[in-house]
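Here is the structure we will look at, set down as C-alpha cells.
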Amino acid sequence: MKALALFSGGLDSMLAMKLLSDQGMEVIALHVDIGFNSKKEAHLSLTKRAQMAGARLEVVDVHDEYLQEVLFNPRYGYGKQFNPCIDCHGYMFRLAKTLLPTYGASFIITGEVVGQRPMSQTKEALRNVKRLADDLDENLILRPLSAKLMEETTPEKEGWVDRARLLDFNGRGRSRQLELAKSFGWEDYPTPA
C-alpha cells in the first residue's frame, strides 16, 4: 500500500509521513513547487528530510498553473497577506488526487493540524479544502496528526492504516510535535512557525 504525502518540508508533514512509514506504508513525499524557493538548496534539504521520515521525494513544478488558477483568483480569498490558504491547499490536494494513479498510491496524507492556522486549518476550512479537491465522496485525505479528532477516512475504515496509531493534535501550540521529533532523534527540520 502506498500513500502520497503533500510535503512542504516542514516538521508537521515529516511527522505525518513518519507515522505512516512506521506502519509499513510506502510513502511518497510529493513536494508541489509553486515557484517560491531556491531549487537546488531546497531540493537537497527536502530529499534529506523525506528520507528521515521514511519517504522518497518527488517534486512537481506547477508554478505557472498555480499563479493563474490560485494566486490571482482565489475562491475563498486571502489570509492576512497575499496568501490564498484554503484555495492553495485545495489545489494541492486536487493535484495529488490526479497523481495517485501515476505513483500507484491509494490515498493522500498531510501534516495539517486542526486549529493550527486560524484561516486554513479550522474544521470548516478543512471541509472547504475537501470540496475544492473533489474528495467529499471518496474521503481519501488523511491527516495523521489530527485523525482522532476527525471523522474516519477511507484509509482508516478499510484498514489500510491503524487509526489507533494516529494522533489527536489540536491547536496552535507545537510542543507535542517537538516532543515527537525528539523521540525520533530528529534535529534537522525548520523551526515550526
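By convention here, the chains of the C-alpha cells are called A, B, ... in the order presented, each chain's residues are numbered starting at 1, and ligands are numbered starting at 1 in the order presented.
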
Please provide the set of residues having any atom within 12 Å of A:Met1, restricted to only C-alpha atoms, with same-chain residues fewer than 3 positions apart removed, written as a JSON list (two decimals) with N, CA, C and O atoms, in the first residue's frame.
[["chain", "number", "residue", "atom", "x", "y", "z"],
["A", 4, "LEU", "N", 0.48, 9.01, -0.84],
["A", 4, "LEU", "CA", 1.09, 10.19, -1.43],
["A", 4, "LEU", "C", 0.95, 11.32, -0.41],
["A", 4, "LEU", "O", -0.17, 11.69, -0.05],
["A", 20, "LEU", "N", 3.07, 7.08, 9.20],
["A", 20, "LEU", "CA", 2.62, 6.05, 8.26],
["A", 20, "LEU", "C", 3.74, 5.13, 7.82],
["A", 20, "LEU", "O", 3.51, 3.93, 7.66],
["A", 21, "SER", "N", 4.93, 5.65, 7.64],
["A", 21, "SER", "CA", 6.03, 4.75, 7.26],
["A", 21, "SER", "C", 6.32, 3.77, 8.39],
["A", 21, "SER", "O", 6.67, 2.62, 8.13],
["A", 23, "GLN", "N", 4.10, 2.38, 10.06],
["A", 23, "GLN", "CA", 3.07, 1.34, 9.94],
["A", 23, "GLN", "C", 3.33, 0.44, 8.73],
["A", 23, "GLN", "O", 2.49, -0.37, 8.36],
["A", 24, "GLY", "N", 4.50, 0.59, 8.10],
["A", 24, "GLY", "CA", 4.85, -0.24, 6.96],
["A", 24, "GLY", "C", 4.36, 0.28, 5.63],
["A", 24, "GLY", "O", 4.46, -0.40, 4.61],
["A", 25, "MET", "N", 3.83, 1.48, 5.64],
["A", 25, "MET", "CA", 3.30, 2.10, 4.42],
["A", 25, "MET", "C", 4.45, 2.65, 3.58],
["A", 25, "MET", "O", 5.38, 3.25, 4.13],
["A", 26, "GLU", "N", 4.40, 2.48, 2.27],
["A", 26, "GLU", "CA", 5.34, 3.15, 1.39],
["A", 26, "GLU", "C", 4.81, 4.57, 1.18],
["A", 26, "GLU", "O", 3.68, 4.75, 0.72],
["A", 27, "VAL", "N", 5.63, 5.55, 1.53],
["A", 27, "VAL", "CA", 5.20, 6.95, 1.46],
["A", 27, "VAL", "C", 6.02, 7.69, 0.41],
["A", 27, "VAL", "O", 7.25, 7.64, 0.43],
["A", 28, "ILE", "N", 5.32, 8.37, -0.47],
["A", 28, "ILE", "CA", 5.95, 9.21, -1.48],
["A", 28, "ILE", "C", 5.71, 10.65, -1.06],
["A", 28, "ILE", "O", 4.56, 11.09, -0.94],
["A", 100, "LEU", "N", -2.44, 10.17, -7.98],
["A", 100, "LEU", "CA", -2.49, 8.87, -7.28],
["A", 100, "LEU", "C", -2.18, 7.71, -8.24],
["A", 100, "LEU", "O", -1.31, 6.88, -7.93],
["A", 103, "TYR", "N", 1.60, 7.33, -9.31],
["A", 103, "TYR", "CA", 2.52, 6.78, -8.30],
["A", 103, "TYR", "C", 2.02, 5.46, -7.71],
["A", 103, "TYR", "O", 2.67, 4.90, -6.83],
["A", 104, "GLY", "N", 0.88, 4.99, -8.16],
["A", 104, "GLY", "CA", 0.33, 3.74, -7.63],
["A", 104, "GLY", "C", -0.08, 3.87, -6.17],
["A", 104, "GLY", "O", -0.08, 2.89, -5.43],
["A", 105, "ALA", "N", -0.44, 5.07, -5.77],
["A", 105, "ALA", "CA", -0.83, 5.34, -4.38],
["A", 105, "ALA", "C", -2.35, 5.25, -4.25],
["A", 105, "ALA", "O", -3.09, 5.45, -5.22],
["A", 106, "SER", "N", -2.80, 4.96, -3.01],
["A", 106, "SER", "CA", -4.22, 4.77, -2.76],
["A", 106, "SER", "C", -4.89, 5.95, -2.09],
["A", 106, "SER", "O", -6.11, 6.09, -2.15],
["A", 107, "PHE", "N", -4.11, 6.78, -1.39],
["A", 107, "PHE", "CA", -4.69, 7.92, -0.68],
["A", 107, "PHE", "C", -3.64, 8.98, -0.44],
["A", 107, "PHE", "O", -2.47, 8.80, -0.77],
["A", 108, "ILE", "N", -4.07, 10.11, 0.13],
["A", 108, "ILE", "CA", -3.24, 11.29, 0.33],
["A", 108, "ILE", "C", -3.13, 11.58, 1.83],
["A", 108, "ILE", "O", -4.12, 11.48, 2.55],
["A", 155, "PRO", "N", -9.03, 5.36, 4.22],
["A", 155, "PRO", "CA", -7.89, 4.54, 4.60],
["A", 155, "PRO", "C", -8.03, 3.91, 5.99],
["A", 155, "PRO", "O", -7.56, 2.79, 6.22],
["A", 158, "GLU", "N", -11.05, 1.17, 5.79],
["A", 158, "GLU", "CA", -10.67, -0.01, 5.03],
["A", 158, "GLU", "C", -9.53, -0.80, 5.68],
["A", 158, "GLU", "O", -9.15, -1.85, 5.20],
["A", 159, "GLY", "N", -8.96, -0.25, 6.76],
["A", 159, "GLY", "CA", -7.88, -0.94, 7.45],
["A", 159, "GLY", "C", -6.51, -0.78, 6.80],
["A", 159, "GLY", "O", -5.58, -1.52, 7.11],
["A", 160, "TRP", "N", -6.40, 0.19, 5.88],
["A", 160, "TRP", "CA", -5.10, 0.44, 5.25],
["A", 160, "TRP", "C", -4.13, 1.01, 6.27],
["A", 160, "TRP", "O", -2.92, 0.81, 6.15],
["A", 161, "VAL", "N", -4.65, 1.79, 7.22],
["A", 161, "VAL", "CA", -3.84, 2.33, 8.32],
["A", 161, "VAL", "C", -4.54, 2.01, 9.63],
["A", 161, "VAL", "O", -5.75, 1.81, 9.67]]

In terms of only C-alpha atoms, the residue from A:Gly173, A:Lys2, A:Glu138, A:His31 at minimal distance from A:Lys157 is A:Glu138

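Look at stretch 139-143 of chain A: the protein and nucleic acid residues within 9 Å of it, using only C-alpha atoms and passing over chain neighbours fewer than 5 places away, are Ala16, Phe93, Lys97, Ser106, Phe107, Ile108, Ile109, Thr110, Gly111, Glu112, Val113, Val114, Lys130, Met150, Glu152, Thr153, Thr154, Pro155, Glu156, Leu166 and Leu167 of chain A.
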
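The space separating atom CA of A:Ser45 from atom CA of A:Asn170 comes to 27.3 Å.
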
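Picture a line from atom CA of A:Phe169 to atom CA of A:Pro144; it runs 9.0 Å.
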
Test item: residues at most 9 Å from A:Ala50, only C-alpha atoms, excluding those fewer than 4 positions along its chain, as a ChimeraX atom specification | /A:7,9,14,17-18,28-29,45-46,54-57

May I have the residues from that selection written out with C-alpha atoms, as a PDB file, in the first residue's frame?
ATOM      1  CA  PHE A   7       5.274  17.547   1.711  1.00  0.00           C
ATOM      2  CA  GLY A   9       9.458  20.201   4.032  1.00  0.00           C
ATOM      3  CA  MET A  14       7.635  14.991   8.243  1.00  0.00           C
ATOM      4  CA  MET A  17       4.900  10.706   6.886  1.00  0.00           C
ATOM      5  CA  LYS A  18       6.844   9.036   9.704  1.00  0.00           C
ATOM      6  CA  ILE A  28       5.953   9.207  -1.482  1.00  0.00           C
ATOM      7  CA  ALA A  29       6.710  12.769  -0.379  1.00  0.00           C
ATOM      8  CA  SER A  45      17.050  19.637   2.100  1.00  0.00           C
ATOM      9  CA  LEU A  46      13.674  18.185   1.075  1.00  0.00           C
ATOM     10  CA  GLY A  54      10.910   7.105   5.714  1.00  0.00           C
ATOM     11  CA  ALA A  55       9.719   8.507   2.392  1.00  0.00           C
ATOM     12  CA  ARG A  56      11.115   9.232  -1.044  1.00  0.00           C
ATOM     13  CA  LEU A  57      10.835  12.675  -2.593  1.00  0.00           C
TER      14      LEU A  57
END
